$ cat run_10.txt   # compact mmCIF, C-alpha atoms
# COMPACT_ATOMS: atom_id res chain seq x y z
CA MET A 281 -20.61 -28.55 15.90
CA SER A 282 -17.09 -28.48 14.43
CA ALA A 283 -14.06 -28.84 16.67
CA GLN A 284 -12.55 -25.74 18.23
CA LYS A 285 -9.69 -24.19 16.30
CA ASN A 286 -6.85 -22.21 17.83
CA ILE A 287 -5.50 -19.26 15.88
CA LEU A 288 -2.39 -17.18 16.58
CA LEU A 289 -2.76 -13.58 15.43
CA LEU A 290 0.58 -11.75 15.29
CA GLY A 291 0.01 -8.00 15.58
CA SER A 292 -2.78 -5.86 16.99
CA GLY A 293 -2.64 -2.92 14.59
CA PHE A 294 -5.16 -1.18 12.41
CA VAL A 295 -6.40 -4.20 10.38
CA ALA A 296 -6.29 -6.81 13.15
CA GLU A 297 -9.64 -5.97 14.74
CA PRO A 298 -11.93 -6.60 11.73
CA CYS A 299 -10.07 -9.88 11.18
CA LEU A 300 -10.47 -10.87 14.83
CA GLU A 301 -14.15 -9.91 14.92
CA TYR A 302 -14.84 -12.04 11.82
CA LEU A 303 -13.04 -15.11 13.20
CA LEU A 304 -14.78 -15.01 16.56
CA ARG A 305 -18.32 -14.94 15.11
CA SER A 306 -18.59 -18.70 14.68
CA GLY A 307 -17.95 -19.47 18.33
CA ASN A 308 -15.65 -22.32 17.29
CA ASN A 309 -12.43 -20.32 17.17
CA ARG A 310 -10.12 -19.20 19.94
CA VAL A 311 -7.65 -16.47 19.00
CA THR A 312 -4.41 -15.60 20.75
CA VAL A 313 -3.32 -12.04 19.92
CA ALA A 314 0.45 -11.69 20.29
CA CYS A 315 2.47 -8.48 20.46
CA ARG A 316 5.88 -7.62 21.83
CA ARG A 317 4.07 -5.64 24.53
CA ALA A 318 1.15 -7.60 26.01
CA GLU A 319 -0.76 -4.44 26.92
CA LYS A 320 -1.04 -3.57 23.20
CA ALA A 321 -2.70 -6.93 22.58
CA GLN A 322 -4.90 -6.52 25.67
CA GLU A 323 -6.34 -3.28 24.29
CA LEU A 324 -7.80 -5.43 21.51
CA THR A 325 -8.68 -8.64 23.31
CA SER A 326 -10.50 -6.83 26.14
CA LYS A 327 -13.32 -6.17 23.66
CA TYR A 328 -13.62 -9.74 22.35
CA PRO A 329 -14.50 -12.80 24.46
CA GLY A 330 -12.77 -15.83 22.99
CA SER A 331 -9.49 -13.98 22.52
CA THR A 332 -6.40 -13.91 24.72
CA ALA A 333 -3.45 -11.51 24.79
CA VAL A 334 0.16 -12.64 25.14
CA SER A 335 3.59 -11.07 24.90
CA LEU A 336 5.75 -12.48 22.11
CA ASP A 337 8.99 -11.32 20.54
CA VAL A 338 8.94 -12.77 17.03
CA GLU A 339 12.71 -12.37 16.82
CA ASP A 340 13.03 -14.97 19.58
CA ASP A 341 12.94 -18.04 17.35
CA ALA A 342 12.33 -20.53 20.15
CA ALA A 343 9.40 -18.53 21.54
CA LEU A 344 7.94 -18.01 18.06
CA GLU A 345 8.24 -21.69 17.19
CA ALA A 346 6.54 -22.69 20.43
CA ALA A 347 3.67 -20.26 19.88
CA VAL A 348 3.13 -21.31 16.25
CA ALA A 349 3.23 -25.01 17.18
CA ALA A 350 0.55 -24.49 19.84
CA HIS A 351 -2.01 -23.22 17.31
CA ASP A 352 -3.71 -24.59 14.19
CA LEU A 353 -2.94 -21.53 12.07
CA THR A 354 -0.93 -18.32 12.37
CA ILE A 355 -1.98 -14.97 10.87
CA SER A 356 0.98 -12.64 10.43
CA LEU A 357 -0.02 -8.98 10.41
CA ILE A 358 3.41 -7.77 11.49
CA PRO A 359 5.92 -6.06 9.13
CA TYR A 360 6.47 -8.09 5.96
CA THR A 361 10.18 -8.46 6.70
CA GLN A 362 9.24 -10.90 9.50
CA HIS A 363 6.94 -13.13 7.45
CA ALA A 364 9.67 -15.52 6.26
CA ARG A 365 10.65 -16.12 9.90
CA VAL A 366 7.02 -16.94 10.72
CA ILE A 367 6.67 -19.26 7.71
CA LYS A 368 9.83 -21.15 8.73
CA ALA A 369 8.34 -21.73 12.19
CA ALA A 370 5.09 -22.89 10.59
CA ILE A 371 6.90 -25.32 8.27
CA LYS A 372 8.70 -26.80 11.26
CA ALA A 373 5.39 -27.27 13.12
CA LYS A 374 3.41 -28.24 9.99
CA LYS A 375 0.87 -25.47 10.67
CA HIS A 376 -0.85 -23.09 8.19
CA VAL A 377 -0.05 -19.38 7.76
CA VAL A 378 -1.97 -16.39 6.34
CA THR A 379 -0.54 -12.94 5.53
CA THR A 380 -1.92 -9.94 3.65
CA SER A 381 1.47 -8.99 2.18
CA TYR A 382 3.04 -9.47 -1.23
CA ILE A 383 5.11 -12.63 -1.55
CA SER A 384 8.71 -11.52 -1.09
CA PRO A 385 11.69 -13.42 -2.54
CA ALA A 386 12.51 -14.67 0.97
CA MET A 387 8.97 -16.04 1.32
CA GLU A 388 8.94 -17.55 -2.18
CA GLU A 389 12.13 -19.50 -1.38
CA LEU A 390 10.12 -21.43 1.22
CA ASP A 391 7.49 -22.69 -1.25
CA ALA A 392 8.97 -26.18 -1.74
CA ALA A 393 9.45 -26.66 2.00
CA ALA A 394 5.87 -25.53 2.67
CA LYS A 395 4.56 -28.02 0.12
CA GLU A 396 6.66 -30.79 1.64
CA ALA A 397 5.24 -29.90 5.06
CA GLY A 398 1.73 -30.00 3.59
CA ILE A 399 0.81 -26.51 4.76
CA VAL A 400 -1.16 -23.70 3.15
CA CYS A 401 0.72 -20.42 3.29
CA MET A 402 -1.79 -17.93 1.90
CA ASN A 403 -0.58 -14.40 1.11
CA GLU A 404 -1.78 -11.26 -0.69
CA ILE A 405 -5.29 -11.52 0.75
CA GLY A 406 -6.12 -7.99 1.90
CA LEU A 407 -7.28 -5.15 -0.34
CA ASP A 408 -4.25 -4.25 -2.46
CA PRO A 409 -2.97 -6.91 -2.76
CA GLY A 410 -6.00 -9.13 -2.31
CA ILE A 411 -9.44 -7.99 -3.38
CA ASP A 412 -7.81 -6.41 -6.43
CA HIS A 413 -6.57 -9.84 -7.55
CA LEU A 414 -9.99 -11.47 -7.09
CA TYR A 415 -12.02 -9.04 -9.20
CA ALA A 416 -9.34 -8.65 -11.87
CA LEU A 417 -8.92 -12.39 -12.39
CA LYS A 418 -12.67 -12.94 -12.44
CA ILE A 419 -13.04 -10.76 -15.54
CA ILE A 420 -9.79 -11.92 -17.17
CA ASN A 421 -10.81 -15.56 -16.89
CA GLU A 422 -14.32 -14.79 -18.17
CA VAL A 423 -12.85 -13.07 -21.25
CA HIS A 424 -10.47 -15.96 -21.89
CA ALA A 425 -13.27 -18.51 -21.47
CA GLU A 426 -15.23 -16.68 -24.19
CA GLY A 427 -12.22 -16.77 -26.55
CA GLY A 428 -11.29 -13.11 -26.09
CA LYS A 429 -8.05 -11.27 -25.31
CA ILE A 430 -7.20 -8.54 -22.81
CA LYS A 431 -5.53 -5.78 -24.85
CA SER A 432 -5.18 -3.30 -21.99
CA PHE A 433 -5.38 -3.58 -18.20
CA GLU A 434 -5.34 -0.60 -15.82
CA SER A 435 -5.94 -0.96 -12.09
CA PHE A 436 -5.94 1.93 -9.62
CA CYS A 437 -6.70 1.78 -5.91
CA GLY A 438 -6.97 4.52 -3.32
CA GLY A 439 -7.45 4.64 0.42
CA LEU A 440 -8.76 8.16 0.96
CA PRO A 441 -10.87 10.30 3.25
CA ALA A 442 -14.54 10.29 2.30
CA PRO A 443 -15.27 13.53 0.37
CA GLU A 444 -16.68 15.35 3.40
CA ALA A 445 -13.54 14.46 5.40
CA SER A 446 -11.05 15.50 2.70
CA ASN A 447 -10.94 18.95 4.29
CA ASN A 448 -7.26 19.81 4.12
CA PRO A 449 -4.95 21.05 1.33
CA LEU A 450 -3.59 17.57 0.57
CA GLY A 451 -7.03 15.93 0.50
CA TYR A 452 -5.56 13.10 2.53
CA LYS A 453 -5.63 11.77 6.11
CA PHE A 454 -3.72 9.20 8.10
CA SER A 455 -4.95 6.28 10.17
CA TRP A 456 -1.47 5.50 11.42
CA SER A 457 2.10 6.72 10.82
CA ALA A 458 2.59 9.10 7.91
CA ARG A 459 6.06 7.71 7.26
CA GLY A 460 5.04 4.84 4.99
CA VAL A 461 2.86 7.13 2.86
CA LEU A 462 5.70 9.62 2.40
CA LEU A 463 8.34 6.97 1.72
CA ALA A 464 6.11 5.53 -1.03
CA LEU A 465 6.60 8.83 -2.86
CA ARG A 466 10.23 7.78 -3.41
CA ASN A 467 9.35 4.50 -5.13
CA ASN A 468 10.15 3.97 -8.79
CA ALA A 469 7.34 2.85 -11.09
CA ARG A 470 7.55 0.40 -13.98
CA TYR A 471 4.70 -0.63 -16.28
CA TRP A 472 3.64 -1.28 -19.87
CA GLN A 473 1.99 1.54 -21.81
CA ASP A 474 0.96 1.09 -25.46
CA GLY A 475 3.48 -1.69 -25.96
CA LYS A 476 6.39 0.20 -24.41
CA LEU A 477 8.01 -0.45 -21.04
CA VAL A 478 7.81 2.76 -19.02
CA GLU A 479 10.20 3.36 -16.13
CA ILE A 480 9.73 6.35 -13.83
CA GLU A 481 12.19 7.36 -11.14
CA GLY A 482 10.79 8.11 -7.71
CA LYS A 483 11.73 11.79 -7.99
CA ASP A 484 9.47 12.05 -11.05
CA LEU A 485 6.62 9.87 -9.78
CA MET A 486 4.27 12.74 -8.88
CA ASP A 487 4.82 14.33 -12.30
CA SER A 488 3.43 11.18 -13.93
CA ALA A 489 0.01 11.46 -12.21
CA ARG A 490 -2.96 11.69 -14.57
CA PRO A 491 -6.74 11.98 -14.16
CA ILE A 492 -8.61 8.74 -13.46
CA PHE A 493 -12.30 8.89 -14.33
CA ILE A 494 -14.59 6.64 -12.30
CA TYR A 495 -17.61 8.70 -11.24
CA PRO A 496 -18.20 12.42 -11.93
CA ALA A 497 -18.40 13.07 -8.19
CA PHE A 498 -14.70 12.24 -7.68
CA ALA A 499 -11.73 14.32 -8.89
CA LEU A 500 -9.15 11.55 -8.80
CA VAL A 501 -5.64 11.18 -10.19
CA GLY A 502 -3.44 8.10 -10.40
CA TYR A 503 0.22 7.18 -10.70
CA GLY A 504 2.09 3.89 -11.04
CA ASN A 505 2.73 1.76 -7.97
CA ARG A 506 6.15 0.13 -8.08
CA ASP A 507 6.75 -2.60 -10.70
CA SER A 508 3.57 -3.83 -12.36
CA SER A 509 5.27 -4.91 -15.61
CA HIS A 510 5.28 -8.59 -14.55
CA TYR A 511 1.49 -8.69 -14.20
CA ARG A 512 1.20 -9.54 -17.90
CA GLN A 513 2.67 -12.92 -16.94
CA ARG A 514 1.14 -13.15 -13.48
CA TYR A 515 -2.40 -12.50 -14.72
CA ASN A 516 -1.83 -14.42 -17.98
CA ILE A 517 -2.62 -11.42 -20.22
CA PRO A 518 0.28 -11.59 -22.73
CA HIS A 519 -1.60 -9.54 -25.35
CA ALA A 520 -2.00 -6.52 -23.03
CA GLU A 521 -0.12 -3.62 -24.61
CA THR A 522 -0.90 -1.58 -21.50
CA CYS A 523 -0.55 -3.14 -18.05
CA VAL A 524 -0.40 -0.80 -15.08
CA ARG A 525 -1.35 -0.97 -11.41
CA GLY A 526 -1.33 2.28 -9.49
CA SER A 527 -2.42 4.40 -6.56
CA MET A 528 -5.13 7.06 -6.51
CA ARG A 529 -5.32 10.38 -4.71
CA TYR A 530 -7.57 13.41 -4.95
CA GLN A 531 -6.69 16.04 -7.54
CA GLY A 532 -3.99 18.44 -6.29
CA PHE A 533 -2.19 15.90 -4.09
CA PRO A 534 0.66 15.11 -6.54
CA GLU A 535 1.58 18.77 -7.10
CA PHE A 536 1.60 19.50 -3.37
CA ALA A 537 3.55 16.31 -2.61
CA LYS A 538 6.05 17.11 -5.39
CA THR A 539 6.70 20.50 -3.79
CA LEU A 540 7.54 18.79 -0.49
CA VAL A 541 9.82 16.42 -2.43
CA ASN A 542 11.52 19.35 -4.18
CA MET A 543 12.06 21.04 -0.83
CA GLY A 544 13.96 17.96 0.37
CA PHE A 545 11.50 16.70 2.97
CA LEU A 546 11.92 13.03 1.99
CA ASP A 547 15.48 13.06 3.35
CA ASP A 548 15.61 10.55 6.22
CA THR A 549 19.28 11.14 7.06
CA PRO A 550 19.68 11.50 10.86
CA ARG A 551 20.66 15.03 11.87
CA SER A 552 21.88 16.02 15.30
CA GLU A 553 20.00 19.33 15.34
CA LEU A 554 16.73 17.44 14.72
CA SER A 555 17.30 14.74 17.32
CA ALA A 556 15.17 14.56 20.44
CA ALA A 557 18.36 15.07 22.46
CA ALA A 558 19.11 18.45 20.87
CA ALA A 559 18.78 21.29 23.37
CA GLY A 560 16.11 23.97 23.17
CA ASP A 561 12.90 24.46 21.24
CA LEU A 562 12.94 24.33 17.46
CA PRO A 563 10.38 26.52 15.66
CA TRP A 564 9.24 25.33 12.26
CA ASN A 565 10.59 28.33 10.36
CA ARG A 566 14.11 27.34 11.50
CA VAL A 567 13.64 23.78 10.25
CA THR A 568 12.53 25.02 6.83
CA GLN A 569 15.30 27.64 6.74
CA GLN A 570 17.92 24.94 7.36
CA LEU A 571 16.36 22.57 4.83
CA LEU A 572 16.29 25.20 2.08
CA GLY A 573 19.66 26.72 2.96
CA GLN A 574 18.15 30.20 3.23
CA ALA A 575 19.83 33.16 4.93
CA SER A 576 16.49 34.47 6.18
CA ALA A 577 13.96 32.69 8.38
CA THR A 578 11.08 35.13 7.91
CA PRO A 579 7.84 33.48 6.70
CA GLU A 580 7.77 35.85 3.70
CA ASP A 581 11.27 34.94 2.52
CA LEU A 582 10.69 31.23 3.12
CA LEU A 583 7.43 31.29 1.14
CA ALA A 584 9.22 33.00 -1.75
CA ALA A 585 11.88 30.27 -1.70
CA ILE A 586 9.22 27.56 -1.56
CA GLU A 587 7.32 29.12 -4.46
CA ALA A 588 10.43 28.62 -6.59
CA LYS A 589 10.20 24.87 -5.80
CA ILE A 590 6.65 24.52 -7.18
CA ASP A 591 6.74 22.81 -10.57
CA THR A 592 3.19 23.34 -11.78
CA GLN A 593 2.49 26.50 -13.75
CA ASP A 594 -1.26 26.32 -13.10
CA PRO A 595 -1.95 29.55 -11.17
CA GLU A 596 -4.80 28.08 -9.12
CA LEU A 597 -2.76 25.05 -8.11
CA ARG A 598 0.17 27.29 -7.18
CA LYS A 599 -2.12 29.33 -4.91
CA ARG A 600 -3.48 26.14 -3.41
CA ILE A 601 0.02 24.85 -2.64
CA ILE A 602 1.12 28.10 -0.99
CA HIS A 603 -2.11 28.09 1.03
CA GLY A 604 -1.30 24.52 2.05
CA ILE A 605 2.23 25.41 3.11
CA LYS A 606 0.83 28.18 5.32
CA TRP A 607 -1.76 25.77 6.72
CA LEU A 608 0.99 23.27 7.61
CA GLY A 609 2.71 26.02 9.60
CA ILE A 610 6.17 25.03 8.37
CA THR A 611 7.23 28.66 7.84
CA SER A 612 5.89 29.85 11.19
CA PRO A 613 8.15 31.03 14.05
CA SER A 614 5.41 30.21 16.55
CA VAL A 615 4.76 26.56 15.63
CA PRO A 616 7.18 24.20 17.41
CA ALA A 617 8.61 21.27 15.46
CA VAL A 618 8.67 17.82 17.05
CA LYS A 619 12.28 16.66 16.88
CA ARG A 620 12.34 13.12 15.48
CA GLY A 621 15.82 12.96 13.98
CA SER A 622 15.42 13.67 10.25
CA TYR A 623 13.60 16.09 7.96
CA LEU A 624 11.29 13.26 6.87
CA ASP A 625 10.35 12.32 10.41
CA VAL A 626 9.92 15.90 11.61
CA LEU A 627 7.49 16.46 8.72
CA CYS A 628 5.71 13.18 9.57
CA ALA A 629 5.16 14.42 13.11
CA ARG A 630 3.57 17.63 11.81
CA LEU A 631 1.33 15.81 9.34
CA GLU A 632 0.19 13.46 12.09
CA GLU A 633 -0.69 16.45 14.28
CA LEU A 634 -2.89 17.97 11.58
CA MET A 635 -4.10 15.15 9.35
CA MET A 636 -5.32 12.22 11.45
CA TYR A 637 -8.95 11.12 11.16
CA GLY A 638 -11.17 12.93 13.66
CA GLU A 639 -14.03 11.51 15.68
CA GLY A 640 -16.89 10.40 13.44
CA GLU A 641 -14.96 10.96 10.19
CA ARG A 642 -15.21 8.33 7.47
CA ASP A 643 -12.54 6.97 5.20
CA MET A 644 -13.15 5.49 1.76
CA ILE A 645 -11.56 2.89 -0.47
CA ILE A 646 -12.04 2.99 -4.21
CA LEU A 647 -10.68 0.41 -6.64
CA GLN A 648 -11.16 0.40 -10.39
CA HIS A 649 -10.09 -2.21 -12.90
CA LYS A 650 -10.41 -1.17 -16.54
CA PHE A 651 -10.01 -3.68 -19.38
CA GLU A 652 -9.89 -3.13 -23.13
CA VAL A 653 -11.14 -6.41 -24.59
CA GLU A 654 -10.83 -7.89 -28.06
CA ASN A 655 -13.63 -10.43 -28.39
CA LYS A 656 -13.49 -13.73 -30.28
CA ASP A 657 -15.34 -12.18 -33.24
CA GLY A 658 -12.84 -9.30 -33.48
CA SER A 659 -15.12 -6.69 -31.88
CA HIS A 660 -13.87 -4.54 -29.01
CA ASN A 661 -15.36 -3.28 -25.78
CA THR A 662 -14.36 -1.81 -22.43
CA ARG A 663 -15.12 -3.56 -19.17
CA THR A 664 -14.80 -1.97 -15.74
CA SER A 665 -15.03 -3.24 -12.19
CA VAL A 666 -15.40 -0.73 -9.35
CA THR A 667 -15.30 -1.38 -5.61
CA LEU A 668 -16.33 1.61 -3.49
CA MET A 669 -16.70 1.35 0.27
CA TYR A 670 -16.99 3.85 3.10
CA GLY A 671 -15.90 3.42 6.68
CA GLU A 672 -18.37 3.38 9.53
CA PRO A 673 -18.30 6.56 11.67
CA ASP A 674 -16.74 5.50 14.97
CA GLY A 675 -16.64 1.90 13.68
CA PHE A 676 -14.32 -0.01 11.36
CA GLN A 677 -12.59 2.04 8.71
CA ALA A 678 -13.08 0.86 5.14
CA MET A 679 -9.35 0.26 4.73
CA ALA A 680 -9.15 -1.83 7.90
CA LYS A 681 -12.20 -3.85 6.93
CA THR A 682 -11.18 -4.51 3.32
CA VAL A 683 -7.79 -5.79 4.50
CA GLY A 684 -8.82 -7.59 7.70
CA VAL A 685 -12.02 -9.31 6.57
CA PRO A 686 -10.63 -11.05 3.44
CA CYS A 687 -7.76 -12.22 5.63
CA GLY A 688 -10.30 -13.62 8.11
CA ILE A 689 -12.31 -15.29 5.36
CA ALA A 690 -9.23 -17.00 3.92
CA THR A 691 -8.23 -18.14 7.40
CA GLN A 692 -11.64 -19.69 8.05
CA LEU A 693 -11.72 -21.44 4.69
CA ILE A 694 -8.32 -23.00 5.38
CA LEU A 695 -9.41 -24.14 8.84
CA ASP A 696 -12.61 -25.60 7.35
CA GLY A 697 -10.62 -27.56 4.77
CA LYS A 698 -12.08 -25.62 1.84
CA LEU A 699 -8.77 -24.07 0.73
CA THR A 700 -6.21 -26.82 0.47
CA THR A 701 -3.59 -25.70 -2.09
CA THR A 702 -0.26 -26.13 -0.32
CA GLY A 703 2.86 -24.00 -0.63
CA VAL A 704 3.50 -20.25 -0.53
CA ILE A 705 0.51 -19.06 -2.55
CA ALA A 706 -1.56 -16.05 -3.54
CA PRO A 707 -5.21 -16.02 -4.75
CA MET A 708 -4.36 -16.47 -8.42
CA THR A 709 -6.51 -19.45 -9.44
CA PRO A 710 -10.29 -19.97 -9.31
CA GLU A 711 -10.15 -22.77 -6.74
CA ILE A 712 -8.46 -20.31 -4.37
CA TYR A 713 -10.11 -16.98 -5.16
CA GLN A 714 -13.69 -18.06 -5.90
CA PRO A 715 -14.57 -19.33 -2.38
CA ILE A 716 -13.22 -16.09 -0.89
CA MET A 717 -15.04 -13.92 -3.41
CA ASP A 718 -18.32 -15.75 -2.78
CA LEU A 719 -18.26 -14.62 0.87
CA LEU A 720 -17.33 -10.95 0.37
CA PRO A 721 -20.81 -9.57 -0.54
CA SER A 722 -22.25 -10.67 2.79
CA GLU A 723 -19.59 -8.47 4.41
CA GLY A 724 -20.61 -5.45 2.31
CA ILE A 725 -17.65 -5.84 -0.07
CA ASN A 726 -18.42 -6.20 -3.78
CA ALA A 727 -17.65 -4.89 -7.24
CA VAL A 728 -19.94 -3.16 -9.74
CA GLU A 729 -19.14 -4.30 -13.27
CA GLU A 730 -19.99 -2.52 -16.53
CA THR A 731 -19.37 -3.23 -20.18
CA VAL A 732 -19.30 -0.35 -22.68
$ encode --input "run_10.txt" --output "structure tokens"
Amino acid sequence: MSAQKNILLLGSGFVAEPCLEYLLRSGNNRVTVACRRAEKAQELTSKYPGSTAVSLDVEDDAALEAAVAAHDLTISLIPYTQHARVIKAAIKAKKHVVTTSYISPAMEELDAAAKEAGIVCMNEIGLDPGIDHLYALKIINEVHAEGGKIKSFESFCGGLPAPEASNNPLGYKFSWSARGVLLALRNNARYWQDGKLVEIEGKDLMDSARPIFIYPAFALVGYGNRDSSHYRQRYNIPHAETCVRGSMRYQGFPEFAKTLVNMGFLDDTPRSELSAAAAGDLPWNRVTQQLLGQASATPEDLLAAIEAKIDTQDPELRKRIIHGIKWLGITSPSVPAVKRGSYLDVLCARLEELMMYGEGERDMIILQHKFEVENKDGSHNTRTSVTLMYGEPDGFQAMAKTVGVPCGIATQLILDGKLTTTGVIAPMTPEIYQPIMDLLPSEGINAVEETV
């Protein structure tokens, strides 16, 4: 029996539980779950023998350093802005680190120091980023090994309600705060399309959405996710005239979301009249009246003003958006708004009231890579890789599992001495990604590949 390993897990949120469950299966690991408030960690550890809850403020450098030094490896599932702080503590203690986040410039600056300390600092090992890297690089390296070239690479990923749970006008539901989802609508996108560098401002992002065909059962659309232009270099596909990574939603989402953008709901400027300290109740029609600068607060007049903000000219979509606005209740004098300080946060509160997953409802993740390949003999074909997974009713959600389990697998492989590449790394080479990918099918995570 191998020696007991001690793991520090920072954070007890959505993805922590599948990771914790995976790591405790062997019986050889002991996991300390650390949160600022110990009771948050206790909610998780009370279900899992072999785990312990502690209170830890990661901004207290001395406390963080002591906690990291007392364990063999630290998993950081806290906001990405704190990862560099965690890595610095790990370098000092010569202990390994795993995160599921993209490598930020602040993290990348620590690469040389991590190598000098002899530690593995594994990142980007969730779903997106994570599983997407594994299955993309598998096919890319197979094509290159056969003497071929990748001429086009498109990758789209969506965390969505399962079809039977997509029962609201946006076709979307939240597992946690709506804020991050809404703020992502402000992101610019940058990618290669047919040899040209395309740059899309956040205000136009929803207009760029286009249909993504995977299976006939799904009406999906996709749009670019931040800057994917550098993936030609990162994935070593210099001949790719198209290189785009994006997000997927159900059809109709972009037009509805764009209407909310046009109305001004992504404004996160603090406003005194929307603060929790403001006196009196605030009905939703007054919020929308103020936002739109309308003289009238009647639902009829507000709906007419909102209709002028709808960009699409498709009559059915326009009806669907107006129906959705009524469903949200944001023109109603009888629906109270939760005062959270800004138009963005007041809208988030309303979405969270209406659009959280209900008991027994399933989520779904769907990921498609699509490659246009020029083979060694000059012939061409299309290769696809699709990962589709549903959550378990009243069990782990698919999103939580596809982020938490790969993180757990990478952690175990590092502790077992099977992943030994030092520095601040991501799963970009076969010696790193192959051992992880080999273990995913036994967890119900795989990809279906086709060549046309």
$ residues_around --input "run_10.txt" --residues "Leu624 (chain A)" --least-positions-apart "2" --cutoff "12 Å" --atoms "only C-alpha atoms" --output "MDAnalysis selection string"
chainID A and resid 457:463 465:466 540:541 543:551 554 567:568 571 618:622 626:631
$ residues_around --input "run_10.txt" --residues "region 721-727 of chain A" --least-positions-apart "4" --cutoff "7 Å" --atoms "all atoms listed in the file" --output "VMD selection string"
chain A and resid 665 to 667
$ residues_around --input "run_10.txt" --residues "Ala489 (chain A)" --least-positions-apart "5" --cutoff "8 Å" --atoms "all atoms listed in the file" --output "list in words"
Val501, Gly502, Tyr503, Gly504 and Pro534 of chain A
$ closest_atom_pairs --input "run_10.txt" --of "region 634-727 of chain A" --to "region 359-382 of chain A" --cutoff "10 Å" --atoms "all atoms listed in the file" --output "tab-separated table"
residue	atom	partner	partner_atom	distance
A:Val683	CA	A:Thr380	CA	7.2
A:Gly684	CA	A:Thr380	CA	8.3
A:Pro686	CA	A:Thr380	CA	8.8
A:Cys687	CA	A:Thr380	CA	6.6
A:Gly688	CA	A:Val378	CA	9.0
A:Ala690	CA	A:Val378	CA	7.7
A:Thr691	CA	A:Val378	CA	6.6
A:Ile694	CA	A:His376	CA	8.0
A:Leu695	CA	A:His376	CA	8.6
A:Thr702	CA	A:His376	CA	9.1
A:Gly703	CA	A:His376	CA	9.6
A:Val704	CA	A:Ile367	CA	8.9
A:Ile705	CA	A:Val378	CA	9.6
A:Ala706	CA	A:Tyr382	CA	8.4
$ residues_around --input "run_10.txt" --residues "Leu597 (chain A)" --least-positions-apart "6" --cutoff "9 Å" --atoms "only C-alpha atoms" --output "number ranges by chain"
A: 532, 535-536
$ atom_distance --input "run_10.txt" --atom1 "CA of Glu319 (chain A)" --atom2 "CA of Ser331 (chain A)"
13.7 Å
$ closest_residue --input "run_10.txt" --among "A:Thr522, A:Thr354, A:Ser435, A:Asn661" --to "Ile399 (chain A)" --atoms "all atoms listed in the file"
A:Thr354
$ atom_distance --input "run_10.txt" --atom1 "CA of Lys285 (chain A)" --atom2 "CA of Glu345 (chain A)"
18.1 Å
$ atom_distance --input "run_10.txt" --atom1 "CA of Glu297 (chain A)" --atom2 "CA of Leu324 (chain A)"
7.0 Å
$ axis_aligned_box --input "run_10.txt" --around "region 634-643 of chain A" --padding-each-side "3 Å" --output "lines of an AutoDock Vina configuration file"
center_x = -9.9
center_y = 12.5
center_z = 10.4
size_x = 20.0
size_y = 17.0
size_z = 16.5
$ residues_around --input "run_10.txt" --residues "Pro518 (chain A)" --least-positions-apart "2" --cutoff "9 Å" --atoms "all atoms listed in the file" --output "ChimeraX atom specification"
/A:429-431,512-513,515-516,520-521
$ closest_residue --input "run_10.txt" --among "A:Thr592, A:Ser488, A:Ser292, A:Gln677" --to "Asn542 (chain A)" --atoms "only C-alpha atoms"
A:Thr592
$ closest_residue --input "run_10.txt" --among "A:Ala497, A:Asn655, A:Leu693, A:Thr709" --to "Ala425 (chain A)" --atoms "all atoms listed in the file"
A:Asn655
$ residues_near_point --input "run_10.txt" --point "(-11.1, 0.4, 10.6)" --cutoff "12 Å" --atoms "only C-alpha atoms" --output "ChimeraX atom specification"
/A:293-299,301,439,454-456,637,640-645,669-685
$ write_last_selection --input "run_10.txt" --atoms "C-alpha atoms" --output "CSV table (one decimal), in the frame of the given file"
chain,number,residue,atom,x,y,z
A,293,GLY,CA,-2.6,-2.9,14.6
A,294,PHE,CA,-5.2,-1.2,12.4
A,295,VAL,CA,-6.4,-4.2,10.4
A,296,ALA,CA,-6.3,-6.8,13.2
A,297,GLU,CA,-9.6,-6.0,14.7
A,298,PRO,CA,-11.9,-6.6,11.7
A,299,CYS,CA,-10.1,-9.9,11.2
A,301,GLU,CA,-14.2,-9.9,14.9
A,439,GLY,CA,-7.4,4.6,0.4
A,454,PHE,CA,-3.7,9.2,8.1
A,455,SER,CA,-5.0,6.3,10.2
A,456,TRP,CA,-1.5,5.5,11.4
A,637,TYR,CA,-9.0,11.1,11.2
A,640,GLY,CA,-16.9,10.4,13.4
A,641,GLU,CA,-15.0,11.0,10.2
A,642,ARG,CA,-15.2,8.3,7.5
A,643,ASP,CA,-12.5,7.0,5.2
A,644,MET,CA,-13.2,5.5,1.8
A,645,ILE,CA,-11.6,2.9,-0.5
A,669,MET,CA,-16.7,1.4,0.3
A,670,TYR,CA,-17.0,3.8,3.1
A,671,GLY,CA,-15.9,3.4,6.7
A,672,GLU,CA,-18.4,3.4,9.5
A,673,PRO,CA,-18.3,6.6,11.7
A,674,ASP,CA,-16.7,5.5,15.0
A,675,GLY,CA,-16.6,1.9,13.7
A,676,PHE,CA,-14.3,0.0,11.4
A,677,GLN,CA,-12.6,2.0,8.7
A,678,ALA,CA,-13.1,0.9,5.1
A,679,MET,CA,-9.4,0.3,4.7
A,680,ALA,CA,-9.2,-1.8,7.9
A,681,LYS,CA,-12.2,-3.8,6.9
A,682,THR,CA,-11.2,-4.5,3.3
A,683,VAL,CA,-7.8,-5.8,4.5
A,684,GLY,CA,-8.8,-7.6,7.7
A,685,VAL,CA,-12.0,-9.3,6.6
